[in-house]
file protein.cif (mmCIF, C-alpha atoms)
data_input
#
loop_
_atom_site.label_atom_id
_atom_site.label_comp_id
_atom_site.auth_asym_id
_atom_site.auth_seq_id
_atom_site.Cartn_x
_atom_site.Cartn_y
_atom_site.Cartn_z
CA MET A 1 -19.05 -33.56 24.12
CA ALA A 2 -16.92 -31.22 26.23
CA ARG A 3 -19.63 -28.55 26.04
CA ARG A 4 -22.32 -31.01 27.16
CA LEU A 5 -20.13 -32.18 30.01
CA TYR A 6 -19.48 -28.62 31.15
CA ALA A 7 -23.21 -27.86 31.17
CA TYR A 8 -23.71 -31.02 33.22
CA ALA A 9 -20.93 -30.02 35.67
CA ALA A 10 -22.27 -26.47 36.10
CA GLU A 11 -25.51 -27.89 37.51
CA ARG A 12 -23.72 -29.83 40.27
CA HIS A 13 -21.36 -29.17 43.13
CA THR A 14 -19.28 -32.24 42.27
CA PHE A 15 -19.46 -35.16 39.88
CA SER A 16 -17.47 -38.21 38.98
CA GLU A 17 -16.60 -39.51 35.55
CA THR A 18 -18.74 -42.57 36.18
CA GLU A 19 -21.77 -40.51 37.11
CA ALA A 20 -21.31 -38.17 34.15
CA GLY A 21 -20.83 -41.03 31.73
CA GLU A 22 -24.02 -42.72 32.88
CA ALA A 23 -25.97 -39.47 32.75
CA LEU A 24 -24.71 -38.43 29.30
CA GLY A 25 -24.80 -41.91 27.83
CA GLU A 26 -21.19 -42.13 26.65
CA SER A 27 -17.59 -42.07 27.85
CA VAL A 28 -16.48 -38.68 29.15
CA GLY A 29 -12.79 -39.34 29.78
CA ALA A 30 -11.55 -37.27 26.83
CA ALA A 31 -13.96 -34.43 27.60
CA VAL A 32 -12.83 -34.36 31.25
CA ALA A 33 -9.19 -34.07 30.13
CA GLU A 34 -10.07 -31.27 27.69
CA LEU A 35 -12.00 -29.26 30.27
CA ALA A 36 -9.31 -29.78 32.91
CA ALA A 37 -6.61 -28.55 30.49
CA ALA A 38 -8.67 -25.42 29.87
CA HIS A 39 -9.08 -24.91 33.65
CA LEU A 40 -12.87 -25.13 33.27
CA ILE A 41 -13.15 -27.96 35.84
CA GLN A 42 -10.98 -28.70 38.85
CA PRO A 43 -10.43 -31.82 40.98
CA ARG A 44 -12.52 -32.01 44.09
CA SER A 45 -12.95 -34.92 46.50
CA ARG A 46 -16.50 -35.97 47.19
CA PRO A 47 -18.09 -37.97 49.97
CA ALA A 48 -18.61 -41.67 49.47
CA SER A 49 -22.01 -42.73 48.21
CA ALA A 50 -23.94 -45.99 48.24
CA ALA A 51 -23.00 -46.53 44.62
CA ASP A 52 -19.32 -46.74 45.62
CA GLY A 53 -19.79 -49.97 47.66
CA ASP A 54 -18.51 -50.78 51.11
CA ARG A 55 -14.87 -49.88 50.41
CA PRO A 56 -14.66 -47.23 47.76
CA ASP A 57 -11.17 -46.74 46.36
CA GLU A 58 -9.54 -43.36 45.81
CA SER A 59 -10.53 -43.13 42.14
CA ALA A 60 -14.16 -43.66 43.03
CA ARG A 61 -14.08 -40.78 45.51
CA ARG A 62 -12.24 -38.42 43.10
CA GLY A 63 -14.63 -35.85 41.72
CA TRP A 64 -14.70 -32.68 39.66
CA SER A 65 -16.41 -29.34 39.97
CA ALA A 66 -17.06 -26.61 37.40
CA VAL A 67 -14.99 -23.41 37.33
CA SER A 68 -16.28 -20.03 36.13
CA PRO A 69 -15.15 -19.22 32.56
CA ARG A 70 -13.90 -15.82 33.78
CA ALA A 71 -11.63 -17.54 36.29
CA ALA A 72 -10.51 -19.99 33.60
CA VAL A 73 -9.66 -17.11 31.24
CA ALA A 74 -7.54 -15.40 33.87
CA ARG A 75 -5.69 -18.61 34.69
CA THR A 76 -5.20 -19.62 31.04
CA LEU A 77 -4.01 -16.22 29.81
CA ALA A 78 -1.70 -15.46 32.72
CA PRO A 79 1.31 -17.33 31.23
CA LEU A 80 0.70 -15.73 27.83
CA ALA A 81 0.50 -12.26 29.37
CA LEU A 82 3.75 -12.90 31.22
CA ARG A 83 5.51 -13.96 28.02
CA ALA A 84 4.11 -10.92 26.20
CA ARG A 85 5.47 -8.58 28.88
CA GLU A 86 8.85 -10.28 28.75
CA THR A 87 8.92 -10.02 24.95
CA HIS A 88 7.96 -6.34 25.10
CA ASP A 89 10.69 -5.64 27.64
CA GLU A 90 13.23 -7.42 25.45
CA MET A 91 12.09 -5.36 22.43
CA ASP A 92 12.59 -2.15 24.40
CA ARG A 93 16.08 -3.20 25.49
CA LEU A 94 17.01 -4.15 21.92
CA ARG A 95 15.61 -0.87 20.53
CA VAL A 96 17.68 1.15 23.00
CA ARG A 97 20.87 -0.76 22.14
CA LEU A 98 20.37 -0.29 18.40
CA GLU A 99 19.35 3.37 18.60
CA ASP A 100 22.49 4.11 20.62
CA LEU A 101 24.36 3.63 17.32
CA LEU A 102 22.31 6.29 15.50
CA PRO A 103 24.75 9.19 16.11
CA GLU A 104 27.62 7.14 14.63
CA TYR A 105 25.53 6.25 11.59
CA GLU A 106 24.40 9.83 10.96
CA ALA A 107 27.94 11.15 11.37
CA GLY A 108 29.21 8.55 8.93
CA ALA A 109 26.41 9.36 6.48
CA ASP A 110 27.40 13.04 6.52
CA VAL A 111 31.01 12.15 5.73
CA ARG A 112 29.92 9.73 3.02
CA ASP A 113 27.60 12.24 1.38
CA ARG A 114 30.20 14.99 1.44
CA GLY A 115 32.66 12.68 -0.24
CA GLY A 116 30.16 11.84 -2.97
CA ALA A 117 30.31 8.11 -2.29
CA ASN A 118 27.09 6.17 -2.87
CA ALA A 119 25.41 9.26 -4.30
CA LEU A 120 24.01 6.90 -6.95
CA GLU A 121 23.53 3.19 -6.28
CA LEU A 122 21.96 0.60 -8.58
CA VAL A 123 19.91 -2.09 -6.80
CA THR A 124 18.92 -5.03 -9.01
CA ASP A 125 17.95 -7.65 -6.43
CA PRO A 126 14.14 -7.46 -5.91
CA ALA A 127 14.30 -8.71 -2.29
CA ALA A 128 17.03 -6.23 -1.39
CA LEU A 129 15.05 -3.46 -3.08
CA GLN A 130 11.91 -4.24 -1.05
CA ASP A 131 13.96 -4.26 2.15
CA LEU A 132 15.44 -0.89 1.20
CA ILE A 133 12.00 0.59 0.49
CA GLY A 134 10.75 -0.64 3.85
CA GLU A 135 13.77 0.86 5.61
CA LEU A 136 13.34 4.23 3.89
CA ILE A 137 9.61 4.41 4.63
CA ALA A 138 10.19 3.43 8.26
CA SER A 139 12.83 6.16 8.64
CA ALA A 140 10.71 8.94 7.04
CA ASP A 141 10.31 11.97 9.28
CA SER A 142 8.14 14.42 7.37
CA GLU A 143 7.15 13.53 3.79
CA VAL A 144 7.06 10.72 1.24
CA LEU A 145 6.31 11.33 -2.45
CA THR A 146 5.60 8.37 -4.75
CA CYS A 147 4.81 7.89 -8.44
CA HIS A 148 3.39 4.60 -9.74
CA PRO A 149 2.89 4.50 -13.52
CA GLY A 150 1.43 1.52 -15.31
CA GLY A 151 -2.18 1.52 -14.14
CA GLY A 152 -3.38 -0.43 -11.12
CA ARG A 153 -0.97 -2.25 -8.80
CA SER A 154 -1.19 -5.94 -8.01
CA PRO A 155 -3.16 -7.07 -4.92
CA ALA A 156 -0.03 -8.73 -3.48
CA THR A 157 1.97 -5.51 -3.75
CA LEU A 158 -0.86 -3.46 -2.27
CA ALA A 159 -1.28 -5.87 0.65
CA GLY A 160 2.27 -5.16 1.80
CA ALA A 161 2.12 -1.47 0.95
CA VAL A 162 -1.05 -0.73 2.91
CA VAL A 163 0.38 -2.05 6.19
CA ARG A 164 3.62 -0.12 5.73
CA ASP A 165 1.92 3.10 4.60
CA GLU A 166 -0.73 3.10 7.32
CA ALA A 167 1.96 2.77 9.98
CA MET A 168 3.87 5.67 8.40
CA LEU A 169 0.77 7.88 8.20
CA ALA A 170 -0.07 7.08 11.80
CA ARG A 171 3.32 8.60 12.77
CA GLY A 172 2.25 11.89 11.18
CA VAL A 173 4.33 11.59 7.98
CA ARG A 174 2.70 13.30 4.99
CA MET A 175 2.24 11.22 1.84
CA ARG A 176 1.37 12.21 -1.73
CA THR A 177 1.00 9.65 -4.52
CA LEU A 178 0.56 9.91 -8.28
CA TYR A 179 -1.00 7.22 -10.48
CA GLN A 180 -2.10 7.18 -14.07
CA HIS A 181 -5.78 7.62 -14.90
CA THR A 182 -6.11 3.91 -15.72
CA ALA A 183 -5.46 3.05 -12.06
CA ARG A 184 -8.96 4.34 -11.27
CA TYR A 185 -10.41 1.24 -12.93
CA SER A 186 -8.44 -1.14 -10.67
CA ARG A 187 -10.60 -2.21 -7.71
CA PRO A 188 -7.66 -3.26 -5.48
CA THR A 189 -5.93 0.07 -6.15
CA ALA A 190 -9.11 2.03 -5.45
CA ALA A 191 -9.59 0.13 -2.18
CA TYR A 192 -6.00 0.92 -1.16
CA VAL A 193 -6.48 4.60 -2.01
CA GLU A 194 -9.67 4.72 0.06
CA ARG A 195 -7.83 3.33 3.11
CA VAL A 196 -4.79 5.61 2.96
CA THR A 197 -6.74 8.77 2.12
CA ALA A 198 -8.84 8.17 5.23
CA LEU A 199 -5.58 8.62 7.18
CA GLY A 200 -4.63 11.85 5.43
CA SER A 201 -2.75 10.69 2.33
CA GLN A 202 -3.35 12.60 -0.93
CA VAL A 203 -3.64 10.73 -4.25
CA ARG A 204 -3.99 12.12 -7.78
CA THR A 205 -3.80 10.76 -11.34
CA VAL A 206 -2.34 11.93 -14.65
CA GLY A 207 -2.57 10.61 -18.19
CA ASP A 208 1.04 10.22 -19.34
CA GLY A 209 4.58 11.32 -18.57
CA LEU A 210 4.82 9.68 -15.16
CA MET A 211 8.17 8.33 -13.95
CA ARG A 212 8.25 5.62 -11.30
CA MET A 213 9.95 6.97 -8.18
CA ILE A 214 9.86 7.31 -4.40
CA LEU A 215 11.19 10.39 -2.63
CA VAL A 216 11.73 10.37 1.16
CA ASP A 217 12.08 13.66 3.06
CA ARG A 218 13.56 15.16 -0.14
CA HIS A 219 16.99 13.75 0.64
CA THR A 220 16.82 10.17 -0.70
CA GLY A 221 15.08 8.94 -3.81
CA LEU A 222 14.45 5.74 -5.73
CA MET A 223 14.21 6.11 -9.50
CA GLU A 224 13.08 3.62 -12.13
CA VAL A 225 15.66 1.85 -14.29
CA GLN A 226 15.04 1.63 -18.01
CA ASP A 227 13.90 -1.81 -19.23
CA ASP A 228 14.03 -3.33 -15.72
CA ILE A 229 10.99 -2.66 -13.52
CA LYS A 230 12.41 -4.86 -10.73
CA ALA A 231 15.49 -2.64 -10.30
CA ALA A 232 15.90 0.91 -9.02
CA LEU A 233 18.52 3.63 -8.80
CA VAL A 234 19.07 4.94 -5.28
CA VAL A 235 19.72 8.69 -5.45
CA ARG A 236 21.28 10.70 -2.65
CA GLU A 237 22.93 13.45 -4.72
CA PRO A 238 21.15 16.69 -3.66
CA ASN A 239 20.85 18.19 -7.15
CA VAL A 240 19.33 15.05 -8.65
CA VAL A 241 16.98 14.71 -5.68
CA HIS A 242 15.90 18.33 -6.18
CA PHE A 243 15.21 17.62 -9.87
CA MET A 244 13.07 14.60 -8.89
CA ALA A 245 11.10 16.73 -6.44
CA GLN A 246 10.49 19.45 -9.06
CA THR A 247 9.38 16.83 -11.58
CA PHE A 248 6.91 15.47 -9.07
CA GLU A 249 5.53 18.91 -8.24
CA ARG A 250 4.96 19.73 -11.93
CA CYS A 251 3.03 16.48 -12.45
CA TRP A 252 1.12 17.01 -9.21
CA ALA A 253 -0.03 20.48 -10.28
CA GLU A 254 -1.53 19.05 -13.50
CA ALA A 255 -3.04 15.93 -11.91
CA GLU A 256 -6.64 15.30 -10.87
CA PRO A 257 -7.73 13.99 -7.44
CA PHE A 258 -8.20 10.22 -7.29
CA SER A 259 -11.86 9.77 -6.42
CA THR A 260 -12.95 6.22 -5.56
CA THR A 261 -16.47 7.10 -6.77
CA VAL A 262 -16.14 8.42 -10.32
CA GLY A 263 -19.21 10.19 -11.70
CA PRO A 264 -20.25 10.09 -15.38
CA ASP A 265 -18.83 13.54 -16.18
CA GLN A 266 -15.48 12.80 -14.55
CA ALA A 267 -15.28 9.39 -16.23
CA ARG A 268 -16.00 11.01 -19.61
CA SER A 269 -13.33 13.66 -18.98
CA ILE A 270 -10.73 11.04 -18.07
CA SER A 271 -11.64 8.90 -21.11
CA ASP A 272 -11.35 11.92 -23.40
CA GLU A 273 -7.92 12.78 -21.96
CA LEU A 274 -6.73 9.19 -22.42
CA ARG A 275 -7.91 9.22 -26.01
CA GLN A 276 -6.17 12.52 -26.72
CA THR A 277 -2.97 11.08 -25.25
CA ILE A 278 -3.31 8.01 -27.49
CA VAL A 279 -3.79 10.32 -30.50
CA ARG A 280 -0.59 12.20 -29.63
CA LEU A 281 1.44 9.02 -29.13
CA LEU A 282 -0.01 7.48 -32.28
CA ALA A 283 0.99 10.58 -34.24
CA GLU A 284 4.52 10.13 -32.87
CA GLY A 285 4.62 6.71 -34.53
CA LEU A 286 4.73 4.60 -31.36
CA GLU A 287 3.62 0.97 -31.47
CA ASP A 288 0.53 -0.34 -29.71
CA LYS A 289 2.59 -2.19 -27.11
CA VAL A 290 4.59 0.93 -26.23
CA ILE A 291 1.48 3.12 -26.00
CA ALA A 292 -0.28 0.56 -23.78
CA ARG A 293 2.72 0.34 -21.45
CA ARG A 294 3.03 4.12 -21.17
CA LEU A 295 -0.65 4.54 -20.34
CA GLY A 296 -0.89 1.56 -17.99
CA MET A 297 -3.55 -0.33 -19.94
CA SER A 298 -3.69 -3.71 -21.62
CA GLU A 299 -2.58 -3.94 -25.24
CA ARG A 300 -6.05 -5.15 -26.26
CA THR A 301 -7.74 -2.11 -24.68
CA CYS A 302 -5.20 0.17 -26.35
CA GLN A 303 -5.87 -1.46 -29.74
CA ARG A 304 -9.62 -0.96 -29.25
CA HIS A 305 -9.07 2.76 -28.62
CA ILE A 306 -6.79 3.02 -31.65
CA ALA A 307 -9.38 1.29 -33.86
CA GLU A 308 -12.04 3.80 -32.73
CA ILE A 309 -9.66 6.71 -33.44
CA MET A 310 -8.87 5.35 -36.92
CA ARG A 311 -12.58 5.08 -37.71
CA ALA A 312 -13.11 8.65 -36.48
CA VAL A 313 -10.46 10.12 -38.82
CA GLY A 314 -11.30 7.76 -41.69
CA ALA A 315 -7.87 6.09 -41.77
CA LYS A 316 -7.37 2.61 -43.20
CA SER A 317 -3.93 2.01 -41.66
CA ARG A 318 -1.88 3.06 -38.68
CA PHE A 319 0.50 4.92 -41.00
CA GLN A 320 -2.37 6.86 -42.56
CA ALA A 321 -3.87 7.58 -39.14
CA GLY A 322 -0.53 8.90 -37.90
CA PHE A 323 -0.16 11.09 -40.98
CA LEU A 324 -3.70 12.51 -40.71
CA LEU A 325 -3.33 13.13 -36.98
CA SER A 326 0.02 14.87 -37.47
CA ALA A 327 -1.44 17.05 -40.23
CA THR A 328 -4.44 17.90 -38.07
CA ALA A 329 -2.23 18.82 -35.14
CA ALA A 330 0.00 20.98 -37.37
CA ALA A 331 -3.01 22.78 -38.85
CA ALA A 332 -4.46 23.43 -35.40
CA SER A 333 -1.13 24.78 -34.20
CA ALA A 334 -0.82 27.06 -37.25
CA ALA A 335 -4.37 28.34 -36.77
CA THR A 336 -3.67 29.10 -33.14
CA THR A 337 -0.50 31.00 -34.05
CA ALA A 338 -2.26 32.99 -36.78
CA SER A 339 -5.13 33.85 -34.45
CA ALA A 340 -2.73 35.10 -31.81
CA ALA A 341 -0.83 37.17 -34.37
CA SER A 342 -3.99 38.81 -35.73
CA ALA A 343 -5.15 39.66 -32.22
CA ALA A 344 -1.88 41.44 -31.38
CA PRO A 345 -1.67 45.23 -32.04
CA GLN A 346 -0.02 46.02 -35.39
CA ALA A 347 3.03 48.32 -35.34
CA PRO A 348 3.23 50.91 -38.19
CA LEU A 349 5.69 50.18 -40.99
CA THR A 350 7.02 53.76 -40.93
CA HIS A 351 7.17 56.22 -38.10
CA PRO A 352 5.55 59.65 -38.56
CA PRO A 353 7.98 62.58 -38.68
CA ALA A 354 8.67 64.26 -35.42
CA GLU A 355 6.95 67.57 -34.91
CA ALA A 356 9.16 70.68 -35.39
CA PRO A 357 9.91 72.51 -32.23
CA GLU A 358 8.09 75.76 -31.82
#
call {"tool": "encode", "arguments": {"input": "protein.cif", "output": "structure tokens"}}
result
Amino acid sequence: MARRLYAYAAERHTFSETEAGEALGESVGAAVAELAAAHLIQPRSRPASAADGDRPDESARRGWSAVSPRAAVARTLAPLALRARETHDEMDRLRVRLEDLLPEYEAGADVRDRGGANALELVTDPAALQDLIGELIASADSEVLTCHPGGGRSPATLAGAVVRDEAMLARGVRMRTLYQHTARYSRPTAAYVERVTALGSQVRTVGDGLMRMILVDRHTGLMEVQDDIKAALVVREPNVVHFMAQTFERCWAEAEPFSTTVGPDQARSISDELRQTIVRLLAEGLEDKVIARRLGMSERTCQRHIAEIMRAVGAKSRFQAGFLLSATAAAASAATTASAASAAPQAPLTHPPAEAPE
């Protein structure tokens, strides 16, 4: 109704509620109030007409006229713009007051680190851990390294991570991330990777041997805690941080780029590598649940791969499959060693006598 009334008002210099109601065939009181609140019509007195009678009262002579939407926008948004400027100014003042304390914090951190206090800190509260991760990412100056084993990440986790990581990348901070190969088959994870790589992040995947960790500017790290994925060990000890960085670099050198569009050859290569990893872990005697967790896949998918491997080697039980795989691996290793030995130059068993001097 308000839209019809506004179209009616735009065609006239002035109108009254009575005239509009008669023309539109229904009461327009609510529509008039709505348009007036949006500054799309404004009060305007009008001359008396024959329809008003001999003594028109004030309400009969009160009219309305249409206002341009551009003018209404300016008038409606002016208070909001003022509040936004005031909020922005208050944010700037608060930022300056808080950043004035930065020298004291950094000086205290130097003393704390030299004394060895808080070099290792266990955080078990999930909310506190998320706050700490956000604080570390926000304070990063040059580089963030992350490892996320266990396949694809949950959509809820990625929704928070993408906002935080995009803001960090926009500041010019470099970011490298490692996943396991199984993360390639997670659509939410692939969508996240596509967004952050567009901003310069680098993402690769490996099959196994990945430790969950975050490393910020190579001076502070978060490391996974055994049997508690919701906890983390905060590491500030320089030697341990250096070890974490070296571990990451070794995995990174062996990893493959995370491509959001996997071709048949690449998919076959990744599947073959996953199967070889399952063979190795199966030969080590690990249970299905442990293998699935290490490779970031469901236990059912892992059991399907194991069943295919058992059929391939002709095993009737997991124990027999493990035995046959171990024997095969040992034979291959021995053959490799023998081949290398036969290829090496053979030294004589006895040395020829030295020639007599002339």
call {"tool": "residues_around", "arguments": {"input": "protein.cif", "residues": "A:Glu17", "least_positions_apart": "2", "cutoff": "12 Å", "atoms": "all atoms listed in the file", "output": "PyMOL selection string"}}
result
chain A and resi 5+8-9+14-15+19-33+43+59-65
call {"tool": "write_last_selection", "arguments": {"input": "protein.cif", "atoms": "C-alpha atoms", "output": "compact mmCIF listing (two decimals), keeping the file's coordinate frame"}}
result
# COMPACT_ATOMS: atom_id res chain seq x y z
CA LEU A 5 -20.13 -32.18 30.01
CA TYR A 8 -23.71 -31.02 33.22
CA ALA A 9 -20.93 -30.02 35.67
CA THR A 14 -19.28 -32.24 42.27
CA PHE A 15 -19.46 -35.16 39.88
CA GLU A 19 -21.77 -40.51 37.11
CA ALA A 20 -21.31 -38.17 34.15
CA GLY A 21 -20.83 -41.03 31.73
CA GLU A 22 -24.02 -42.72 32.88
CA ALA A 23 -25.97 -39.47 32.75
CA LEU A 24 -24.71 -38.43 29.30
CA GLY A 25 -24.80 -41.91 27.83
CA GLU A 26 -21.19 -42.13 26.65
CA SER A 27 -17.59 -42.07 27.85
CA VAL A 28 -16.48 -38.68 29.15
CA GLY A 29 -12.79 -39.34 29.78
CA ALA A 30 -11.55 -37.27 26.83
CA ALA A 31 -13.96 -34.43 27.60
CA VAL A 32 -12.83 -34.36 31.25
CA ALA A 33 -9.19 -34.07 30.13
CA PRO A 43 -10.43 -31.82 40.98
CA SER A 59 -10.53 -43.13 42.14
CA ALA A 60 -14.16 -43.66 43.03
CA ARG A 61 -14.08 -40.78 45.51
CA ARG A 62 -12.24 -38.42 43.10
CA GLY A 63 -14.63 -35.85 41.72
CA TRP A 64 -14.70 -32.68 39.66
CA SER A 65 -16.41 -29.34 39.97
call {"tool": "atom_distance", "arguments": {"input": "protein.cif", "atom1": "atom CA of A:Ala119", "atom2": "atom CA of A:Tyr179"}}
result
27.2 Å
call {"tool": "resolve_selection", "arguments": {"input": "protein.cif", "expression": "the PyMOL selection byres ((chain A and resi 235) around 12)", "output": "VMD selection string"}}
result
chain A and resid 113 116 to 123 213 to 216 218 to 225 232 to 234 236 to 245
call {"tool": "closest_residue", "arguments": {"input": "protein.cif", "among": "A:Ala10, A:Val144, A:Leu80, A:Ala66", "to": "A:Ala36", "atoms": "only C-alpha atoms"}}
result
A:Ala66
call {"tool": "resolve_selection", "arguments": {"input": "protein.cif", "expression": "the PyMOL selection byres ((chain A and resi 256) around 12)", "output": "number ranges by chain"}}
result
A: 177-181, 184, 202-207, 251-255, 257-259, 262, 266-267, 269-270, 273
call {"tool": "residues_near_point", "arguments": {"input": "protein.cif", "point": "(7.7, -3.3, -17.0)", "cutoff": "10 Å", "atoms": "all atoms listed in the file", "output": "JSON, numbers by chain"}}
result
{"A": [149, 150, 225, 226, 227, 228, 229, 230, 293, 294, 296]}
call {"tool": "atom_distance", "arguments": {"input": "protein.cif", "atom1": "atom CA of A:Arg174", "atom2": "atom CA of A:Gly200"}}
result
7.5 Å
call {"tool": "closest_residue", "arguments": {"input": "protein.cif", "among": "A:Leu101, A:Leu199, A:Leu35, A:Ala315", "to": "A:Met175", "atoms": "only C-alpha atoms"}}
result
A:Leu199
call {"tool": "axis_aligned_box", "arguments": {"input": "protein.cif", "around": "stretch 135-148 of chain A", "padding_each_side": "3 Å", "output": "lines of an AutoDock Vina configuration file"}}
result
center_x = 8.6
center_y = 7.6
center_z = -0.2
size_x = 16.4
size_y = 19.6
size_z = 25.0
call {"tool": "resolve_selection", "arguments": {"input": "protein.cif", "expression": "the PyMOL selection byres ((chain A and resi 301-313) around 12)", "output": "count of residues only"}}
result
43
call {"tool": "atom_distance", "arguments": {"input": "protein.cif", "atom1": "atom CA of A:Ala138", "atom2": "atom CA of A:Arg171"}}
result
9.7 Å
call {"tool": "closest_residue", "arguments": {"input": "protein.cif", "among": "A:Val173, A:Val96, A:Ala231, A:Ala38", "to": "A:Arg75", "atoms": "all atoms listed in the file"}}
result
A:Ala38
call {"tool": "closest_residue", "arguments": {"input": "protein.cif", "among": "A:Arg3, A:Thr189, A:Gly151, A:Arg164", "to": "A:Ser139", "atoms": "only C-alpha atoms"}}
result
A:Arg164
call {"tool": "closest_residue", "arguments": {"input": "protein.cif", "among": "A:Leu40, A:Leu94, A:Ala183, A:Met211", "to": "A:Cys147", "atoms": "all atoms listed in the file"}}
result
A:Met211
